[in-house]
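The next block is protein26.cif, given as mmCIF, C-alpha atoms.
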```cif
data_my_file
#
loop_
_atom_site.label_atom_id
_atom_site.label_comp_id
_atom_site.auth_asym_id
_atom_site.auth_seq_id
_atom_site.Cartn_x
_atom_site.Cartn_y
_atom_site.Cartn_z
CA MET B 1 0.00 0.00 0.00
CA ILE B 2 1.19 3.47 -0.87
CA ILE B 3 -0.04 6.40 1.23
CA SER B 4 0.81 9.85 -0.11
CA ILE B 5 0.59 12.74 2.33
CA ALA B 6 -0.22 15.99 0.54
CA SER B 7 -1.84 19.31 1.38
CA GLY B 8 -2.36 22.01 -1.20
CA LYS B 9 -1.30 24.78 1.16
CA GLY B 10 2.27 24.68 2.43
CA GLY B 11 3.11 24.54 6.12
CA THR B 12 -0.05 22.72 7.18
CA GLY B 13 1.80 19.79 8.76
CA LYS B 14 2.44 17.17 6.06
CA THR B 15 5.81 16.27 7.49
CA THR B 16 4.46 16.30 11.06
CA VAL B 17 1.77 13.81 10.05
CA ALA B 18 4.13 11.70 7.91
CA THR B 19 6.88 11.41 10.52
CA ASN B 20 4.53 10.79 13.45
CA LEU B 21 2.58 8.22 11.47
CA CYS B 22 5.90 6.48 10.74
CA ALA B 23 6.89 6.56 14.40
CA SER B 24 3.56 4.96 15.37
CA LEU B 25 3.49 2.07 12.88
CA ASP B 26 4.13 -1.50 13.93
CA ALA B 27 4.44 -2.80 10.37
CA ASP B 28 7.63 -2.60 8.33
CA PHE B 29 7.53 0.25 5.86
CA MET B 30 9.47 2.79 3.84
CA LEU B 31 9.27 6.56 4.10
CA LEU B 32 9.98 8.60 0.97
CA ASP B 33 10.48 12.34 1.29
CA CYS B 34 9.34 13.58 -2.12
CA ASP B 35 9.46 17.27 -1.21
CA VAL B 36 12.66 17.42 -3.24
CA GLU B 37 12.89 21.21 -3.22
CA GLU B 38 13.23 21.23 0.54
CA PRO B 39 13.07 17.78 2.12
CA ASN B 40 12.76 17.98 5.91
CA ALA B 41 11.46 14.62 7.20
CA HIS B 42 15.05 13.70 8.14
CA LEU B 43 15.07 16.46 10.77
CA PHE B 44 12.55 14.50 12.86
CA LEU B 45 13.60 10.92 12.21
CA ASN B 46 17.41 11.15 12.06
CA PRO B 47 18.07 8.61 9.32
CA THR B 48 21.43 7.02 8.67
CA PHE B 49 22.22 7.50 5.01
CA THR B 50 23.94 4.61 3.26
CA GLY B 51 23.35 5.17 -0.45
CA LYS B 52 23.40 8.01 -2.92
CA GLU B 53 22.66 8.05 -6.62
CA ARG B 54 22.57 10.76 -9.23
CA VAL B 55 19.44 11.83 -11.05
CA ASN B 56 20.04 12.78 -14.66
CA ALA B 57 17.50 14.10 -17.11
CA PRO B 58 18.05 13.70 -20.86
CA VAL B 59 18.23 17.01 -22.76
CA PRO B 60 18.86 17.66 -26.47
CA GLU B 61 22.20 18.42 -28.05
CA VAL B 62 22.16 19.59 -31.66
CA ASP B 63 24.78 18.77 -34.26
CA LEU B 64 24.64 22.00 -36.28
CA SER B 65 26.54 20.43 -39.18
CA LEU B 66 23.50 18.19 -39.83
CA CYS B 67 20.78 20.77 -39.05
CA THR B 68 18.71 22.24 -41.89
CA TYR B 69 16.83 24.68 -39.60
CA CYS B 70 13.50 23.04 -40.46
CA LYS B 71 12.09 23.91 -37.00
CA LYS B 72 10.33 20.59 -36.46
CA CYS B 73 12.07 20.31 -33.07
CA MET B 74 10.90 23.75 -32.07
CA GLU B 75 7.32 23.10 -33.17
CA ILE B 76 6.94 19.95 -31.09
CA CYS B 77 8.34 21.49 -27.90
CA ARG B 78 5.60 23.12 -25.85
CA TYR B 79 8.12 24.53 -23.38
CA GLY B 80 10.25 26.53 -25.81
CA ALA B 81 13.29 24.53 -24.76
CA ILE B 82 14.73 24.43 -28.27
CA ALA B 83 14.69 27.33 -30.71
CA VAL B 84 15.81 27.90 -34.28
CA ALA B 85 16.80 31.52 -34.70
CA GLY B 86 18.27 32.43 -38.04
CA GLU B 87 21.03 29.94 -38.77
CA THR B 88 21.51 28.86 -35.22
CA VAL B 89 19.74 26.46 -32.85
CA MET B 90 19.62 27.15 -29.16
CA THR B 91 18.64 24.81 -26.37
CA PHE B 92 17.39 25.84 -22.94
CA PRO B 93 18.01 22.75 -20.80
CA GLU B 94 16.36 24.30 -17.74
CA LEU B 95 13.05 24.47 -19.65
CA CYS B 96 13.34 20.95 -21.08
CA HIS B 97 10.93 18.32 -19.72
CA SER B 98 12.97 15.46 -21.21
CA CYS B 99 10.21 14.05 -23.42
CA GLY B 100 12.65 13.31 -26.25
CA GLY B 101 10.20 14.58 -28.88
CA CYS B 102 12.74 16.84 -30.60
CA ALA B 103 15.12 13.95 -31.22
CA VAL B 104 12.29 11.80 -32.58
CA VAL B 105 10.99 14.37 -35.08
CA CYS B 106 14.37 15.58 -36.37
CA PRO B 107 14.54 14.33 -39.99
CA GLU B 108 18.31 14.79 -40.12
CA LYS B 109 19.04 12.91 -36.89
CA ALA B 110 20.91 16.02 -35.77
CA ILE B 111 19.65 15.77 -32.18
CA THR B 112 21.03 13.42 -29.58
CA GLU B 113 20.05 13.35 -25.94
CA ILE B 114 22.69 13.98 -23.32
CA ASP B 115 22.40 13.58 -19.54
CA ARG B 116 21.96 16.66 -17.43
CA PHE B 117 22.56 16.29 -13.69
CA ILE B 118 19.55 17.62 -11.78
CA GLY B 119 19.62 16.08 -8.33
CA THR B 120 20.35 13.14 -6.06
CA VAL B 121 18.42 10.37 -4.38
CA GLU B 122 19.67 9.37 -0.95
CA THR B 123 18.72 6.15 0.80
CA GLY B 124 19.14 4.93 4.34
CA THR B 125 17.46 3.67 7.47
CA LEU B 126 15.32 5.49 10.00
CA SER B 127 16.23 5.40 13.67
CA LEU B 128 13.03 3.61 14.66
CA PRO B 129 12.77 0.14 16.29
CA GLN B 130 11.87 -1.80 13.11
CA ASN B 131 14.64 -0.06 11.11
CA PRO B 132 12.39 1.14 8.30
CA SER B 133 13.91 2.25 5.01
CA PHE B 134 14.13 5.89 4.08
CA GLY B 135 14.61 7.59 0.75
CA ARG B 136 14.64 11.22 -0.23
CA GLY B 137 15.32 13.31 -3.27
CA LEU B 138 17.27 16.52 -3.34
CA MET B 139 17.26 18.82 -6.33
CA ASP B 140 20.55 20.36 -7.26
CA ILE B 141 20.79 24.09 -6.59
CA GLY B 142 19.46 26.13 -9.51
CA GLN B 143 17.35 23.30 -10.95
CA VAL B 144 13.62 23.70 -11.44
CA MET B 145 12.50 20.29 -12.70
CA ALA B 146 11.33 18.31 -9.66
CA PRO B 147 9.26 15.46 -11.21
CA PRO B 148 12.20 13.40 -12.59
CA VAL B 149 13.83 13.48 -9.14
CA ILE B 150 10.54 12.47 -7.48
CA ARG B 151 9.99 9.63 -9.97
CA GLN B 152 13.45 8.27 -9.23
CA VAL B 153 12.80 8.44 -5.45
CA ARG B 154 9.57 6.55 -6.01
CA GLN B 155 11.34 3.71 -7.79
CA LEU B 156 12.35 2.64 -4.29
CA GLU B 157 8.69 1.91 -3.48
CA LYS B 158 8.70 -1.65 -4.69
CA GLU B 159 11.10 -2.68 -1.93
CA LYS B 160 8.44 -2.65 0.80
CA ASP B 161 4.73 -3.55 1.09
CA LEU B 162 3.96 -0.23 2.75
CA THR B 163 5.26 3.13 1.57
CA ILE B 164 4.56 6.51 3.16
CA ILE B 165 5.21 9.48 0.86
CA ASP B 166 5.77 12.99 2.18
CA ALA B 167 4.64 15.07 -0.83
CA PRO B 168 5.55 18.67 -1.64
CA PRO B 169 2.94 21.42 -1.16
CA GLY B 170 0.83 22.81 -4.00
CA THR B 171 -1.07 21.07 -6.78
CA SER B 172 1.39 21.28 -9.68
CA CYS B 173 3.49 18.63 -11.43
CA PRO B 174 5.71 17.69 -8.43
CA VAL B 175 2.59 17.00 -6.34
CA ILE B 176 0.99 14.92 -9.07
CA ALA B 177 4.26 12.98 -9.39
CA SER B 178 4.08 12.31 -5.63
CA MET B 179 0.42 11.18 -5.61
CA LYS B 180 0.06 9.27 -8.88
CA GLY B 181 -0.28 5.54 -8.33
CA ALA B 182 -0.83 5.88 -4.57
CA ASP B 183 -3.59 3.83 -2.94
CA PHE B 184 -4.58 6.65 -0.64
CA VAL B 185 -3.93 10.38 -0.35
CA LEU B 186 -3.99 11.84 3.13
CA LEU B 187 -4.61 15.57 2.89
CA VAL B 188 -3.39 17.74 5.74
CA THR B 189 -5.05 21.10 6.15
CA GLU B 190 -5.68 23.82 8.67
CA PRO B 191 -9.15 25.24 9.42
CA THR B 192 -8.51 28.66 7.90
CA PRO B 193 -9.83 30.27 4.69
CA PHE B 194 -6.38 29.88 3.11
CA GLY B 195 -6.22 26.23 4.19
CA LEU B 196 -9.66 25.57 2.72
CA HIS B 197 -8.89 27.36 -0.53
CA ASP B 198 -5.82 25.26 -1.25
CA LEU B 199 -7.43 22.09 0.11
CA THR B 200 -10.18 22.50 -2.48
CA LEU B 201 -7.56 22.60 -5.25
CA ALA B 202 -5.80 19.54 -3.83
CA VAL B 203 -9.08 17.60 -3.62
CA GLU B 204 -9.76 18.41 -7.29
CA ALA B 205 -6.33 17.03 -8.22
CA VAL B 206 -6.87 13.86 -6.17
CA LYS B 207 -10.27 13.35 -7.81
CA LEU B 208 -8.69 13.61 -11.27
CA LEU B 209 -6.29 10.86 -10.28
CA GLY B 210 -9.17 8.76 -8.91
CA ILE B 211 -7.51 8.06 -5.56
CA PRO B 212 -9.50 7.82 -2.29
CA CYS B 213 -8.57 10.52 0.21
CA GLY B 214 -9.08 11.52 3.82
CA LEU B 215 -8.35 14.58 5.87
CA VAL B 216 -6.18 15.52 8.83
CA ILE B 217 -7.11 18.88 10.33
CA ASN B 218 -4.04 20.35 11.98
CA ARG B 219 -4.12 23.35 14.32
CA ALA B 220 -7.74 22.51 15.04
CA GLY B 221 -9.39 25.23 17.10
CA ILE B 222 -8.23 28.20 15.05
CA GLY B 223 -10.22 29.66 12.15
CA ASN B 224 -13.74 28.38 11.56
CA ASP B 225 -15.82 25.32 10.64
CA ASP B 226 -15.70 25.83 6.88
CA VAL B 227 -13.16 23.04 6.31
CA LYS B 228 -15.33 20.56 8.22
CA ASN B 229 -18.44 21.63 6.35
CA TYR B 230 -16.58 21.30 3.06
CA ALA B 231 -15.35 17.82 4.02
CA GLN B 232 -18.89 16.80 4.86
CA ASP B 233 -20.28 18.17 1.59
CA GLU B 234 -17.56 16.42 -0.39
CA ASN B 235 -17.91 13.22 1.60
CA ILE B 236 -14.26 13.26 2.66
CA PRO B 237 -13.67 11.62 6.05
CA VAL B 238 -11.85 13.66 8.72
CA LEU B 239 -9.53 10.99 10.08
CA LEU B 240 -7.61 12.99 12.67
CA GLU B 241 -7.61 16.39 14.30
CA ILE B 242 -4.49 17.80 15.90
CA PRO B 243 -5.22 20.79 18.16
CA PHE B 244 -3.45 24.14 18.05
CA ASP B 245 -1.37 23.42 21.12
CA LYS B 246 1.77 25.12 22.45
CA GLN B 247 3.28 21.82 23.60
CA ILE B 248 3.02 20.46 20.06
CA ALA B 249 4.55 23.60 18.55
CA SER B 250 7.33 23.54 21.13
CA ALA B 251 8.23 19.90 20.38
CA TYR B 252 8.20 20.62 16.63
CA SER B 253 10.50 23.60 17.05
CA LYS B 254 13.06 21.35 18.73
CA GLY B 255 12.84 18.73 15.99
CA GLU B 256 11.01 16.32 18.32
CA LEU B 257 8.19 14.06 17.30
CA LEU B 258 4.72 14.81 18.57
CA VAL B 259 4.36 11.18 19.69
CA GLN B 260 7.49 11.57 21.84
CA ALA B 261 6.35 14.80 23.47
CA LEU B 262 2.76 13.64 23.90
CA PRO B 263 2.81 9.81 23.81
CA ALA B 264 -0.99 9.61 23.87
CA TYR B 265 -0.88 10.59 20.20
CA LYS B 266 0.69 7.30 19.25
CA GLU B 267 -2.69 5.58 19.53
CA LYS B 268 -4.33 8.34 17.49
CA PHE B 269 -1.80 7.82 14.69
CA LYS B 270 -2.24 4.04 14.89
CA ASP B 271 -6.00 4.61 14.55
CA LEU B 272 -5.34 6.90 11.61
CA TYR B 273 -3.45 4.12 9.87
CA THR B 274 -6.18 1.58 10.68
CA SER B 275 -8.80 3.92 9.17
CA ILE B 276 -6.74 4.36 5.99
CA GLU B 277 -6.20 0.60 5.72
CA ALA B 278 -9.95 0.03 6.06
CA ILE B 279 -10.78 2.56 3.33
CA VAL B 280 -8.20 1.11 0.94
CA ASN B 281 -9.35 -2.47 1.62
CA ARG B 282 -12.96 -1.47 1.09
CA LYS B 283 -12.06 0.04 -2.25
CA GLY B 284 -10.13 -3.10 -3.18
CA GLU B 285 -13.19 -5.26 -2.46
CA ALA B 286 -15.57 -3.01 -4.37
CA MET U 1 17.00 47.98 -42.91
CA LYS U 2 14.31 45.95 -41.17
CA ILE U 3 13.53 46.49 -37.51
CA ALA U 4 10.99 44.72 -35.29
CA ILE U 5 8.88 46.63 -32.77
CA THR U 6 6.46 45.07 -30.27
CA SER U 7 3.02 46.57 -30.72
CA THR U 8 -0.43 46.61 -29.14
CA GLY U 9 -2.04 47.00 -32.61
CA LYS U 10 -1.60 46.16 -36.26
CA ASP U 11 -0.55 49.50 -37.76
CA LEU U 12 2.07 52.20 -37.31
CA ASP U 13 -0.23 54.35 -35.15
CA ALA U 14 -0.54 51.65 -32.52
CA GLN U 15 1.36 51.93 -29.25
CA VAL U 16 4.51 49.99 -28.39
CA ASP U 17 3.66 46.90 -26.33
CA PRO U 18 6.20 46.94 -23.47
CA ARG U 19 6.31 43.14 -23.34
CA PHE U 20 8.30 41.15 -25.84
CA GLY U 21 7.40 37.44 -25.66
CA ARG U 22 3.79 38.12 -24.76
CA ALA U 23 3.27 41.23 -26.91
CA ALA U 24 0.00 41.32 -28.89
CA TYR U 25 1.78 41.93 -32.22
CA ILE U 26 5.27 42.42 -33.51
CA ILE U 27 5.61 44.85 -36.41
CA VAL U 28 8.55 44.33 -38.73
CA VAL U 29 9.15 47.53 -40.64
CA ASP U 30 11.56 48.70 -43.31
CA THR U 31 13.00 51.95 -41.91
CA ASP U 32 13.52 53.46 -45.39
CA THR U 33 10.17 52.73 -47.05
CA LEU U 34 8.00 52.25 -43.91
CA ASP U 35 6.62 49.09 -45.55
CA PHE U 36 5.70 46.77 -42.75
CA GLU U 37 4.58 43.28 -41.93
CA VAL U 38 2.61 42.27 -38.82
CA ILE U 39 3.45 39.16 -36.80
CA ASP U 40 0.32 38.07 -34.92
CA ASN U 41 1.76 36.99 -31.60
CA SER U 42 -1.60 36.06 -30.03
CA GLU U 43 -0.90 32.35 -29.87
CA ASN U 44 2.46 33.00 -28.31
CA LYS U 45 0.95 35.52 -25.89
CA ASN U 46 -0.77 32.67 -24.09
CA ALA U 47 2.12 30.24 -24.44
CA PHE U 48 2.69 27.97 -21.48
CA LYS U 49 6.43 28.50 -21.41
CA GLY U 50 9.16 29.94 -23.58
CA ALA U 51 7.14 32.82 -25.08
CA GLY U 52 10.22 35.04 -25.40
CA ILE U 53 12.21 32.32 -27.11
CA THR U 54 9.49 31.65 -29.68
CA ALA U 55 8.95 35.37 -30.35
CA ALA U 56 12.71 35.79 -30.82
CA SER U 57 12.69 33.01 -33.39
CA SER U 58 9.82 34.73 -35.29
CA VAL U 59 11.71 38.03 -35.32
CA CYS U 60 14.77 36.29 -36.78
CA ASP U 61 12.62 34.61 -39.46
CA LYS U 62 11.42 37.97 -40.72
CA GLY U 63 14.96 39.16 -41.21
CA ALA U 64 14.84 41.97 -38.66
CA GLN U 65 18.26 43.18 -37.58
CA VAL U 66 17.03 45.12 -34.56
CA LEU U 67 14.30 44.55 -31.99
CA ILE U 68 12.79 47.51 -30.16
CA THR U 69 10.62 46.70 -27.14
CA GLY U 70 9.97 47.63 -23.51
CA PHE U 71 11.44 44.70 -21.66
CA CYS U 72 13.38 41.70 -22.90
CA GLY U 73 13.99 38.68 -20.65
CA PRO U 74 17.15 36.55 -20.46
CA ASN U 75 16.17 33.65 -22.74
CA ALA U 76 14.75 35.93 -25.41
CA PHE U 77 17.84 38.13 -25.27
CA LYS U 78 20.12 35.12 -25.52
CA THR U 79 18.26 33.82 -28.57
CA LEU U 80 18.30 37.18 -30.35
CA ASP U 81 21.91 37.82 -29.44
CA ASN U 82 22.95 34.44 -30.83
CA ALA U 83 21.14 35.13 -34.08
CA GLY U 84 22.82 38.55 -34.34
CA VAL U 85 19.70 40.65 -33.69
CA LYS U 86 20.41 43.78 -31.64
CA VAL U 87 17.98 44.71 -28.86
CA ALA U 88 16.88 48.18 -27.74
CA ASN U 89 14.67 48.42 -24.64
CA ASP U 90 12.52 50.92 -22.75
CA ALA U 91 10.55 52.02 -25.82
CA SER U 92 7.12 53.65 -25.48
CA GLY U 93 4.76 55.76 -27.58
CA SER U 94 3.51 55.07 -31.10
CA ILE U 95 5.23 52.71 -33.52
CA ARG U 96 5.65 55.59 -36.00
CA ASP U 97 7.40 57.81 -33.43
CA THR U 98 9.53 54.88 -32.30
CA ILE U 99 10.75 54.37 -35.87
CA GLU U 100 11.64 58.08 -36.10
CA ASP U 101 13.41 57.93 -32.72
CA TYR U 102 15.37 54.93 -33.91
CA LYS U 103 16.39 56.66 -37.12
CA ALA U 104 17.42 59.71 -35.10
CA GLY U 105 19.75 57.46 -33.09
CA LYS U 106 17.88 57.84 -29.83
CA PHE U 107 18.15 54.17 -28.84
CA THR U 108 21.15 52.42 -27.43
CA PHE U 109 21.55 48.68 -27.81
CA ALA U 110 21.36 46.53 -24.72
CA ASP U 111 24.17 44.19 -23.81
CA ASP U 112 21.98 42.09 -21.53
CA ALA U 113 18.37 41.31 -20.62
CA ASN U 114 16.55 44.06 -18.74
CA ALA U 115 13.84 41.84 -17.21
CA GLU U 116 14.03 38.81 -14.94
CA GLY U 117 13.22 35.37 -16.25
CA HIS U 118 10.29 33.70 -14.58
CA TRP U 119 9.00 30.22 -14.00
#
```
Target format structure tokens, applied to this file:
Amino acid sequence: MIISIASGKGGTGKTTVATNLCASLDADFMLLDCDVEEPNAHLFLNPTFTGKERVNAPVPEVDLSLCTYCKKCMEICRYGAIAVAGETVMTFPELCHSCGGCAVVCPEKAITEIDRFIGTVETGTLSLPQNPSFGRGLMDIGQVMAPPVIRQVRQLEKEKDLTIIDAPPGTSCPVIASMKGADFVLLVTEPTPFGLHDLTLAVEAVKLLGIPCGLVINRAGIGNDDVKNYAQDENIPVLLEIPFDKQIASAYSKGELLVQALPAYKEKFKDLYTSIEAIVNRKGEA
Amino acid sequence: MKIAITSTGKDLDAQVDPRFGRAAYIIVVDTDTLDFEVIDNSENKNAFKGAGITAASSVCDKGAQVLITGFCGPNAFKTLDNAGVKVANDASGSIRDTIEDYKAGKFTFADDANAEGHW
């Protein structure tokens, strides 16, 4: 089972939920930090890193001696990553989405794909009793293309029966790359107008992917009831509420887990997992 | 010589469009005869990415040796520069006046982009 923890709005508590869920599980699992622009799950779970591999993305290189400036490469690229201007061809690797289309359509075979280094995937073990596996991606400084790094992190998934994914915020390509193929998306939100606004976008994205989802309301007690009303209208179960509590904020600020500071939460996170399992199993039977 | 000017309309009385990649039109005009050709940039205006790069390629196709616009971003500048097209920025007013200003030597050519790239 793959559980992807996403949010829409940033800073709602995805990593808090992901890391505390991990620290409460009895089963063996793997945690993947797919927030490759700024991974932070390691701050709470102190993994030991043992492996590191490079992530390369193929980008075009043009042999100008073969080019006839026909522009077919430019026409197929919707990102403007390759341009014929006068008697020159320019490539913009940072805009390239590595689809390989330009090389396919070039009638002169003037385009070859070369590897461009965009990030790293690090693997290791979490300092939890069952020694779960950990993987995270890290984009190289100056890079903007997160999905290839996320996809390479997610290749680790097949190693374990249960994978928890800490997704990036938002609803754009990196988030889709972190949710696609998951069995369940756990959406973390806060009960504020901003939280609701971005939650609505995230729910739309999850619906498009056809994945069952549930809600964690973090900082419960602030804002208003609009998130709960929305969840009810949309038939999205609220699986856990974490109150706006100084003790929780204090533990977080020291890089401590909520379940360490307030051990009673361990049961709540276990229940959260049981609820998710039940929803996924029910869908499997249907 | 031919110069390209970004424009909000399709004739010489239109105003300069300060944007390059997402300008409404690009007018390519012969500075001696004032004969001109209009590039409809509307498709490019709503481009997902790389609008400046594509517009730069169109300008090169039309044989313009100079581009006059308001702001030119890094990728567009790089493309034009590579193709040998000179860029003059900070233009405003009508296309007709801009042509006269150019002929009177009132523009200086940029040696770099004068707008930030964006994602």
Cut-off 7 Å: closest chain U/chain B atom pairs per residue, using all atoms listed in the file, as CSV:
```
residue,atom,partner,partner_atom,distance
U:Phe48,CA,B:Tyr79,CA,6.7
U:Lys49,CA,B:Tyr79,CA,4.7
U:Gly50,CA,B:Gly80,CA,4.2
U:Ile53,CA,B:Gly80,CA,6.2
U:Thr54,CA,B:Gly80,CA,6.5
U:Ser57,CA,B:Ala85,CA,4.6
U:Cys60,CA,B:Gly86,CA,5.4
U:Asp61,CA,B:Gly86,CA,6.2
U:Thr79,CA,B:Ala85,CA,6.7
U:Ala83,CA,B:Gly86,CA,5.6
```
Using the file's own x, y and z axes, what box holds all listed atoms of region 65-84 of chain B with 5 Å on each side, keeping edges along x, y and z, and what are its centre and edge lengths in Å to one decimal, as lines of an AutoDock Vina configuration file?
```
center_x = 16.1
center_y = 23.0
center_z = -32.6
size_x = 30.9
size_y = 19.7
size_z = 28.5
```
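For the atom pair formed by CA of Pro212 (chain B) and CA of Ile236 (chain B), the distance is 8.8 Å, given to one decimal.
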Using all atoms listed in the file, the best pick from U:Val85, U:Val29, U:Ala47, U:Leu80 as closest to Gln65 (chain U) would be U:Val85
I'd like the residues picked by the PyMOL selection byres ((chain B and resi 52-67) around 10) written out as a PDB file with C-alpha atoms, in the frame of the given file, using the chain letters and numbers from the file.
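Written file, part.pdb:
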```pdb
ATOM      1  CA  PHE B  49      22.220   7.500   5.010  1.00  0.00           C
ATOM      2  CA  THR B  50      23.940   4.610   3.260  1.00  0.00           C
ATOM      3  CA  GLY B  51      23.350   5.170  -0.450  1.00  0.00           C
ATOM      4  CA  THR B  68      18.710  22.240 -41.890  1.00  0.00           C
ATOM      5  CA  TYR B  69      16.830  24.680 -39.600  1.00  0.00           C
ATOM      6  CA  CYS B  70      13.500  23.040 -40.460  1.00  0.00           C
ATOM      7  CA  LYS B  71      12.090  23.910 -37.000  1.00  0.00           C
ATOM      8  CA  CYS B  73      12.070  20.310 -33.070  1.00  0.00           C
ATOM      9  CA  ALA B  81      13.290  24.530 -24.760  1.00  0.00           C
ATOM     10  CA  ILE B  82      14.730  24.430 -28.270  1.00  0.00           C
ATOM     11  CA  VAL B  84      15.810  27.900 -34.280  1.00  0.00           C
ATOM     12  CA  GLU B  87      21.030  29.940 -38.770  1.00  0.00           C
ATOM     13  CA  THR B  88      21.510  28.860 -35.220  1.00  0.00           C
ATOM     14  CA  VAL B  89      19.740  26.460 -32.850  1.00  0.00           C
ATOM     15  CA  MET B  90      19.620  27.150 -29.160  1.00  0.00           C
ATOM     16  CA  THR B  91      18.640  24.810 -26.370  1.00  0.00           C
ATOM     17  CA  PHE B  92      17.390  25.840 -22.940  1.00  0.00           C
ATOM     18  CA  PRO B  93      18.010  22.750 -20.800  1.00  0.00           C
ATOM     19  CA  GLU B  94      16.360  24.300 -17.740  1.00  0.00           C
ATOM     20  CA  LEU B  95      13.050  24.470 -19.650  1.00  0.00           C
ATOM     21  CA  CYS B  96      13.340  20.950 -21.080  1.00  0.00           C
ATOM     22  CA  HIS B  97      10.930  18.320 -19.720  1.00  0.00           C
ATOM     23  CA  SER B  98      12.970  15.460 -21.210  1.00  0.00           C
ATOM     24  CA  CYS B  99      10.210  14.050 -23.420  1.00  0.00           C
ATOM     25  CA  GLY B 100      12.650  13.310 -26.250  1.00  0.00           C
ATOM     26  CA  GLY B 101      10.200  14.580 -28.880  1.00  0.00           C
ATOM     27  CA  CYS B 102      12.740  16.840 -30.600  1.00  0.00           C
ATOM     28  CA  ALA B 103      15.120  13.950 -31.220  1.00  0.00           C
ATOM     29  CA  CYS B 106      14.370  15.580 -36.370  1.00  0.00           C
ATOM     30  CA  PRO B 107      14.540  14.330 -39.990  1.00  0.00           C
ATOM     31  CA  GLU B 108      18.310  14.790 -40.120  1.00  0.00           C
ATOM     32  CA  LYS B 109      19.040  12.910 -36.890  1.00  0.00           C
ATOM     33  CA  ALA B 110      20.910  16.020 -35.770  1.00  0.00           C
ATOM     34  CA  ILE B 111      19.650  15.770 -32.180  1.00  0.00           C
ATOM     35  CA  THR B 112      21.030  13.420 -29.580  1.00  0.00           C
ATOM     36  CA  GLU B 113      20.050  13.350 -25.940  1.00  0.00           C
ATOM     37  CA  ILE B 114      22.690  13.980 -23.320  1.00  0.00           C
ATOM     38  CA  ASP B 115      22.400  13.580 -19.540  1.00  0.00           C
ATOM     39  CA  ARG B 116      21.960  16.660 -17.430  1.00  0.00           C
ATOM     40  CA  PHE B 117      22.560  16.290 -13.690  1.00  0.00           C
ATOM     41  CA  ILE B 118      19.550  17.620 -11.780  1.00  0.00           C
ATOM     42  CA  GLY B 119      19.620  16.080  -8.330  1.00  0.00           C
ATOM     43  CA  THR B 120      20.350  13.140  -6.060  1.00  0.00           C
ATOM     44  CA  VAL B 121      18.420  10.370  -4.380  1.00  0.00           C
ATOM     45  CA  GLU B 122      19.670   9.370  -0.950  1.00  0.00           C
ATOM     46  CA  THR B 123      18.720   6.150   0.800  1.00  0.00           C
ATOM     47  CA  GLY B 124      19.140   4.930   4.340  1.00  0.00           C
ATOM     48  CA  GLY B 135      14.610   7.590   0.750  1.00  0.00           C
ATOM     49  CA  ARG B 136      14.640  11.220  -0.230  1.00  0.00           C
ATOM     50  CA  GLY B 137      15.320  13.310  -3.270  1.00  0.00           C
ATOM     51  CA  LEU B 138      17.270  16.520  -3.340  1.00  0.00           C
ATOM     52  CA  MET B 139      17.260  18.820  -6.330  1.00  0.00           C
ATOM     53  CA  ASP B 140      20.550  20.360  -7.260  1.00  0.00           C
ATOM     54  CA  MET B 145      12.500  20.290 -12.700  1.00  0.00           C
ATOM     55  CA  PRO B 148      12.200  13.400 -12.590  1.00  0.00           C
ATOM     56  CA  VAL B 149      13.830  13.480  -9.140  1.00  0.00           C
ATOM     57  CA  ILE B 150      10.540  12.470  -7.480  1.00  0.00           C
ATOM     58  CA  ARG B 151       9.990   9.630  -9.970  1.00  0.00           C
ATOM     59  CA  GLN B 152      13.450   8.270  -9.230  1.00  0.00           C
ATOM     60  CA  VAL B 153      12.800   8.440  -5.450  1.00  0.00           C
TER      61      VAL B 153
END
```
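The two atoms in question, CA of Arg22 (chain U) and CA of Thr6 (chain U), are spaced 9.3 Å apart.
Across B:Gln260, B:Thr189, B:Gln232, B:Asn40, the tightest approach to Ile217 (chain B) is made by B:Thr189 when counting all atoms listed in the file.
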Do a neighbour search on Pro168 (chain B) at 12 Å with all atoms listed in the file, toss out local chain neighbours closer than 4 positions, and write the hits as an MDAnalysis selection string.
chainID B and resid 4:15 18 32:41 136:137 146:147 150 172:179 187:188 202
Shell around Asp225 (chain B) at 9 Å using only C-alpha atoms, local window under 3 positions removed, as an mmCIF file with C-alpha atoms, keeping the file's coordinate frame:
```
data_model
loop_
_atom_site.group_PDB
_atom_site.id
_atom_site.type_symbol
_atom_site.label_atom_id
_atom_site.label_comp_id
_atom_site.auth_asym_id
_atom_site.auth_seq_id
_atom_site.Cartn_x
_atom_site.Cartn_y
_atom_site.Cartn_z
ATOM 1 C CA PRO B 191 -9.150 25.240 9.420
ATOM 2 C CA THR B 192 -8.510 28.660 7.900
ATOM 3 C CA LYS B 228 -15.330 20.560 8.220
ATOM 4 C CA ASN B 229 -18.440 21.630 6.350
ATOM 5 C CA TYR B 230 -16.580 21.300 3.060
#
```
May I have the protein, DNA and RNA residues with any atom at most 10 Å from the point (9.6, 15.3, 16.3), counting only C-alpha atoms, written as a list in words?
Thr15, Thr16, Thr19, Asn20, Ala23, Ala41, His42, Leu43, Phe44, Leu45, Asn46, Ile248, Ala249, Ser250, Ala251, Tyr252, Ser253, Lys254, Gly255, Glu256, Leu257, Leu258, Val259, Gln260 and Ala261 of chain B
Selected by the PyMOL selection byres ((chain B and resi 271-277) around 10) in the shown coordinates: which residues, as a PyMOL selection string?
chain B and resi 1+3+21-22+24-25+183-186+212-214+216+237-240+265-270+278-283
I'd like the interatomic distance between CA of Asp35 (chain U) and CA of Ile95 (chain U), to a tenth of an Å.
12.6 Å
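Among the candidates U:Ile39, U:Met1, U:Ala110, U:Ala104, the residue lying nearest to Ile68 (chain U) is U:Ala110 (atoms considered: all atoms listed in the file).
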